[in-house]
file entry.txt (compact mmCIF, C-alpha atoms)
# COMPACT_ATOMS: atom_id res chain seq x y z
CA LYS N 1 74.35 12.39 25.09
CA LYS N 2 70.61 11.78 25.06
CA ILE N 3 70.22 14.14 22.09
CA PHE N 4 72.98 12.40 20.12
CA LYS N 5 71.51 9.00 20.98
CA MET N 6 68.09 10.18 19.80
CA LEU N 7 69.58 11.54 16.56
CA GLY N 8 71.32 8.21 16.03
CA VAL N 9 68.05 6.32 16.44
CA ILE N 10 66.28 8.68 14.03
CA ALA N 11 69.10 8.27 11.47
CA LEU N 12 68.85 4.48 11.80
CA ILE N 13 65.06 4.58 11.31
CA VAL N 14 65.47 6.79 8.21
CA LEU N 15 68.13 4.44 6.83
CA ILE N 16 65.97 1.36 7.36
CA ALA N 17 62.97 3.12 5.82
CA GLY N 18 65.08 4.16 2.82
CA ILE N 19 66.30 0.60 2.29
CA ALA N 20 62.75 -0.73 2.60
CA ILE N 21 61.45 1.77 0.03
CA ALA N 22 64.33 0.99 -2.34
CA LEU N 23 63.66 -2.75 -2.08
CA TYR N 24 59.93 -2.22 -2.64
CA LEU N 25 60.49 -0.04 -5.71
CA GLY N 26 63.11 -2.44 -7.04
CA HIS N 27 60.74 -5.40 -6.64
CA LYS N 28 57.86 -3.49 -8.23
CA PHE N 29 59.70 -2.04 -11.22
CA TYR N 30 62.34 -4.72 -11.92
CA PRO N 31 60.08 -6.69 -14.33
CA THR N 32 59.44 -3.47 -16.30
CA TYR N 33 63.18 -2.74 -16.31
CA GLN N 34 63.87 -6.26 -17.60
CA GLU N 35 61.36 -5.81 -20.42
CA MET N 36 62.95 -2.51 -21.42
CA SER N 37 66.42 -4.10 -21.34
CA ILE N 38 65.30 -6.90 -23.64
CA GLU N 39 63.70 -4.34 -25.99
CA ALA N 40 66.92 -2.29 -26.00
CA ASP N 41 68.97 -5.40 -26.89
CA LYS N 42 66.64 -6.21 -29.80
CA ILE N 43 66.87 -2.67 -31.17
CA ILE N 44 70.68 -2.72 -31.07
CA GLU N 45 70.82 -6.15 -32.73
CA GLN N 46 68.75 -4.91 -35.68
CA ILE N 47 70.56 -1.66 -36.48
CA ASP N 48 72.81 -1.27 -39.48
CA GLU N 49 74.23 1.68 -41.42
CA ARG N 50 70.93 2.39 -43.18
CA THR N 51 69.18 2.80 -39.82
CA PHE N 52 70.65 6.30 -39.52
CA VAL N 53 70.74 7.35 -43.17
CA ARG N 54 67.58 9.00 -44.52
CA LEU N 55 67.51 7.47 -48.00
CA ASP N 56 64.43 5.27 -47.88
CA PRO N 57 60.94 6.61 -48.76
CA THR N 58 58.15 6.77 -46.17
CA VAL N 59 55.57 4.09 -46.92
CA ILE N 60 52.04 4.17 -45.48
CA VAL N 61 50.16 0.88 -45.21
CA ARG N 62 46.81 -0.11 -43.76
CA LYS N 63 46.49 -2.25 -40.65
CA ASP N 64 46.05 -5.32 -42.86
CA GLY N 65 49.35 -4.54 -44.62
CA ASN N 66 47.89 -3.22 -47.88
CA PHE N 67 49.82 -0.40 -49.51
CA VAL N 68 48.32 3.12 -49.32
CA ARG N 69 50.94 5.63 -50.46
CA GLU N 70 54.66 6.25 -50.75
CA PHE N 71 56.36 9.56 -50.03
CA LYS N 72 59.79 10.05 -51.55
CA PRO N 73 62.38 11.48 -49.17
CA ALA N 74 63.13 15.19 -49.30
CA PRO N 75 66.45 16.28 -50.86
CA TYR N 76 69.12 14.92 -48.56
CA LYS N 77 72.90 14.76 -48.66
CA TYR N 78 74.87 12.64 -46.23
CA ILE N 79 78.37 13.70 -45.24
CA GLU N 80 80.87 11.55 -43.35
CA ILE N 81 82.51 12.97 -40.25
CA ASN N 82 85.99 13.00 -41.80
CA ASP N 83 84.64 15.20 -44.59
CA MET N 84 83.12 17.76 -42.17
CA PRO N 85 85.01 20.85 -41.03
CA LYS N 86 86.40 20.38 -37.51
CA LYS N 87 84.42 23.43 -36.38
CA VAL N 88 81.12 21.62 -37.12
CA LYS N 89 81.95 18.84 -34.67
CA GLU N 90 83.21 21.32 -32.07
CA ALA N 91 80.09 23.47 -32.39
CA PHE N 92 77.66 20.61 -31.74
CA ILE N 93 79.66 19.27 -28.82
CA ALA N 94 79.86 22.77 -27.28
CA ILE N 95 76.11 23.33 -27.62
CA GLU N 96 74.65 19.89 -26.96
CA ASP N 97 77.06 17.71 -24.99
CA LYS N 98 80.35 19.10 -23.64
CA ASN N 99 81.32 15.72 -22.14
CA PHE N 100 80.51 13.72 -25.28
CA TYR N 101 83.93 12.09 -25.56
CA LYS N 102 84.08 11.34 -21.82
CA HIS N 103 80.75 9.64 -20.97
CA ARG N 104 79.50 6.18 -22.01
CA GLY N 105 76.07 7.09 -23.33
CA PHE N 106 74.61 9.23 -20.56
CA ASP N 107 76.02 12.04 -18.43
CA ILE N 108 75.36 11.60 -14.70
CA LYS N 109 76.13 15.24 -13.88
CA ALA N 110 73.83 16.54 -16.61
CA ASN N 111 71.04 14.26 -15.42
CA LEU N 112 71.50 15.39 -11.80
CA ARG N 113 71.22 19.02 -12.96
CA ALA N 114 68.01 18.12 -14.80
CA VAL N 115 66.63 16.41 -11.68
CA LYS N 116 67.51 19.45 -9.55
CA ALA N 117 65.72 21.72 -12.04
CA LEU N 118 62.76 19.33 -11.97
CA ILE N 119 62.55 19.63 -8.16
CA ASP N 120 63.09 23.40 -8.18
CA ASN N 121 60.27 23.79 -10.72
CA ARG N 122 57.88 21.47 -8.84
CA GLY N 123 57.85 18.64 -11.35
CA LYS N 124 57.89 20.75 -14.49
CA ILE N 125 60.55 19.65 -16.99
CA THR N 126 62.54 22.77 -17.87
CA GLN N 127 65.81 21.26 -19.04
CA GLY N 128 67.04 17.92 -20.30
CA GLY N 129 70.08 15.91 -19.39
CA SER N 130 70.23 14.09 -22.71
CA THR N 131 73.58 13.43 -24.34
CA ILE N 132 74.11 13.47 -28.10
CA THR N 133 73.83 9.66 -28.02
CA GLN N 134 70.52 9.84 -26.15
CA GLN N 135 69.17 12.40 -28.62
CA LEU N 136 70.15 10.18 -31.55
CA VAL N 137 68.37 7.25 -29.87
CA LYS N 138 65.25 9.31 -29.15
CA ASN N 139 65.03 10.69 -32.69
CA THR N 140 65.60 7.30 -34.32
CA PHE N 141 63.84 4.73 -32.13
CA LEU N 142 61.55 6.46 -29.62
CA THR N 143 58.86 9.12 -29.34
CA HIS N 144 59.35 12.60 -27.89
CA GLU N 145 56.88 12.10 -25.03
CA GLN N 146 58.26 13.36 -21.72
CA THR N 147 57.84 10.31 -19.48
CA TYR N 148 60.22 8.59 -17.10
CA GLU N 149 59.77 5.24 -18.83
CA ARG N 150 60.86 6.69 -22.17
CA LYS N 151 63.86 8.29 -20.45
CA VAL N 152 64.95 4.95 -18.98
CA LYS N 153 64.57 3.27 -22.39
CA GLU N 154 66.57 6.07 -23.95
CA ILE N 155 69.46 5.57 -21.50
CA LEU N 156 69.44 1.77 -21.85
CA ILE N 157 69.62 1.95 -25.66
CA ALA N 158 72.21 4.77 -25.57
CA VAL N 159 74.60 2.77 -23.36
CA ARG N 160 74.31 -0.23 -25.69
CA LEU N 161 74.78 1.95 -28.77
CA GLU N 162 78.03 3.33 -27.35
CA ASN N 163 79.27 -0.24 -26.94
CA LYS N 164 78.47 -0.97 -30.58
CA LEU N 165 79.59 2.20 -32.38
CA SER N 166 82.53 4.59 -32.08
CA LYS N 167 82.04 8.11 -30.73
CA ASP N 168 82.82 9.64 -34.12
CA LYS N 169 80.25 7.43 -35.85
CA ILE N 170 77.56 8.38 -33.33
CA LEU N 171 78.37 12.07 -33.81
CA GLU N 172 78.30 11.61 -37.59
CA TYR N 173 74.86 9.97 -37.48
CA TYR N 174 73.57 12.67 -35.11
CA ILE N 175 74.70 15.61 -37.25
CA ASN N 176 73.25 13.95 -40.36
CA ASN N 177 69.91 13.08 -38.73
CA ILE N 178 68.78 16.10 -36.74
CA CYS N 179 66.33 18.63 -38.11
CA TYR N 180 67.47 22.11 -39.14
CA GLY N 181 63.94 23.41 -39.69
CA HIS N 182 61.68 23.41 -42.76
CA GLY N 183 61.96 19.63 -43.18
CA VAL N 184 65.73 19.87 -43.69
CA HIS N 185 67.84 17.08 -42.17
CA GLY N 186 71.62 16.86 -42.16
CA ILE N 187 74.26 19.60 -41.99
CA GLU N 188 75.20 19.41 -45.69
CA THR N 189 71.56 19.70 -46.77
CA ALA N 190 71.09 22.60 -44.35
CA ALA N 191 74.16 24.39 -45.70
CA GLU N 192 72.79 24.20 -49.21
CA TYR N 193 69.25 25.13 -48.10
CA TYR N 194 70.22 28.27 -46.14
CA PHE N 195 73.49 29.34 -47.82
CA SER N 196 73.42 27.61 -51.24
CA ASP N 197 76.86 26.17 -50.57
CA SER N 198 78.63 23.13 -49.17
CA VAL N 199 79.29 23.06 -45.41
CA ASN N 200 83.00 22.90 -46.19
CA ASN N 201 82.84 26.40 -47.71
CA LEU N 202 80.98 28.04 -44.80
CA THR N 203 82.51 30.57 -42.44
CA LEU N 204 82.72 29.97 -38.70
CA SER N 205 79.73 32.25 -38.07
CA GLU N 206 77.66 30.40 -40.70
CA ILE N 207 78.52 27.06 -39.07
CA ALA N 208 77.49 28.45 -35.66
CA PHE N 209 74.29 29.75 -37.26
CA LEU N 210 73.36 26.25 -38.47
CA ALA N 211 74.49 24.45 -35.30
CA ALA N 212 72.17 26.62 -33.19
CA ILE N 213 68.98 25.64 -35.04
CA PRO N 214 68.49 21.97 -33.93
CA ASN N 215 68.36 22.91 -30.23
CA ASN N 216 64.82 24.11 -31.00
CA PRO N 217 64.04 24.35 -34.75
CA THR N 218 60.81 26.30 -34.10
CA ILE N 219 62.21 28.98 -31.81
CA TYR N 220 65.51 29.21 -33.68
CA ASP N 221 63.94 29.20 -37.15
CA PRO N 222 66.14 31.67 -39.10
CA VAL N 223 63.35 32.34 -41.60
CA THR N 224 60.79 33.53 -39.05
CA ASN N 225 63.03 34.40 -36.07
CA ILE N 226 66.23 35.69 -37.61
call {"tool": "encode", "arguments": {"input": "entry.txt", "output": "structure tokens"}}
result
Amino acid sequence: KKIFKMLGVIALIVLIAGIAIALYLGHKFYPTYQEMSIEADKIIEQIDERTFVRLDPTVIVRKDGNFVREFKPAPYKYIEINDMPKKVKEAFIAIEDKNFYKHRGFDIKANLRAVKALIDNRGKITQGGSTITQQLVKNTFLTHEQTYERKVKEILIAVRLENKLSKDKILEYYINNICYGHGVHGIETAAEYYFSDSVNNLTLSEIAFLAAIPNNPTIYDPVTNI
């Protein structure tokens, strides 16, 4: 009885300590969270169809706003999701985000796996828990720095994006925006670059070939690492 009573006291102390730590962290980081929420709302308010379509040139200006140089966009062909082969959509969901049509912007299970890997590897990030929506957000609005603040921003914007756009539209923007190596963006552009043909004429193995590249365009570069 004494042992169980002692264990109960210890459990109560741990619980109180946990609540105290949670309240302290909440009080300390809530203002930062509020700022990130406001920033996420502003980003979502400003997006339109052209936000995710790479048609505009890159313009470099000085700090004072004076024009320096304009770079015309590389050859780029946009393809709507209804015009893509079904296997293209299935390939990207299988590789990048198996629960894409089930979650609301971020996948709790995938993030828990990433946290577990983080702990197992003593703080070293070895795998991500990012959904397709999060990846689209990161590639369009954020940097690729591996910080917790950026991750929180990514999730906040992703959740809001899912409330604004349909799943199919998000997938369409993702497939048309990601890099397939050698400065090539978009599945239709990649099909013409690597196979000199439209994505609609590719075989299943050719589609799988292209869908594998964006996971890591350097390692999976078919020109140097066939």
call {"tool": "atom_distance", "arguments": {"input": "entry.txt", "atom1": "CA of Ser205 in chain N", "atom2": "CA of Ile170 in chain N"}}
result
24.4 Å
call {"tool": "residues_around", "arguments": {"input": "entry.txt", "residues": "Ala158 in chain N", "least_positions_apart": "4", "cutoff": "7 Å", "atoms": "only C-alpha atoms", "output": "PyMOL selection string"}}
result
chain N and resi 105+133-134+137+154+162
call {"tool": "closest_atom_pairs", "arguments": {"input": "entry.txt", "of": "range 140-209 of chain N", "to": "range 62-83 of chain N", "cutoff": "6 Å", "atoms": "only C-alpha atoms", "output": "JSON lines"}}
result
{"residue": "N:Glu172", "atom": "CA", "partner": "N:Ile81", "partner_atom": "CA", "distance": 5.2}
{"residue": "N:Glu188", "atom": "CA", "partner": "N:Lys77", "partner_atom": "CA", "distance": 6.0}
{"residue": "N:Thr189", "atom": "CA", "partner": "N:Lys77", "partner_atom": "CA", "distance": 5.5}
call {"tool": "atom_distance", "arguments": {"input": "entry.txt", "atom1": "CA of His103 in chain N", "atom2": "CA of Ile155 in chain N"}}
result
12.0 Å
call {"tool": "residues_around", "arguments": {"input": "entry.txt", "residues": "Ala94 in chain N", "least_positions_apart": "2", "cutoff": "12 Å", "atoms": "all atoms listed in the file", "output": "list in words"}}
result
Lys87, Val88, Lys89, Glu90, Ala91, Phe92, Glu96, Asp97, Lys98, Asn99, Phe100, Tyr101, Thr131, Ile132, Ala208, Ala211, Ala212 and Asn215 of chain N
call {"tool": "closest_residue", "arguments": {"input": "entry.txt", "among": "N:Leu165, N:Ile95, N:Leu142, N:Val9", "to": "Glu39 in chain N", "atoms": "all atoms listed in the file"}}
result
N:Leu142
call {"tool": "closest_residue", "arguments": {"input": "entry.txt", "among": "N:Val159, N:Ile175, N:His182, N:Lys138", "to": "Ile44 in chain N", "atoms": "only C-alpha atoms"}}
result
N:Val159
call {"tool": "closest_residue", "arguments": {"input": "entry.txt", "among": "N:Asp107, N:Glu149, N:Glu45, N:Glu192", "to": "Tyr33 in chain N", "atoms": "all atoms listed in the file"}}
result
N:Glu149
call {"tool": "closest_residue", "arguments": {"input": "entry.txt", "among": "N:Leu161, N:Ile10, N:Leu112, N:Lys102", "to": "Gln46 in chain N", "atoms": "all atoms listed in the file"}}
result
N:Leu161
call {"tool": "atom_distance", "arguments": {"input": "entry.txt", "atom1": "CA of Asp41 in chain N", "atom2": "CA of Arg104 in chain N"}}
result
16.4 Å
call {"tool": "closest_residue", "arguments": {"input": "entry.txt", "among": "N:Asp197, N:Val152, N:Leu15, N:Pro222", "to": "Met36 in chain N", "atoms": "only C-alpha atoms"}}
result
N:Val152
call {"tool": "residues_around", "arguments": {"input": "entry.txt", "residues": "Tyr194 in chain N", "least_positions_apart": "3", "cutoff": "10 Å", "atoms": "all atoms listed in the file", "output": "PyMOL selection string"}}
result
chain N and resi 180+184+189-191+197+206+209-210+222-223
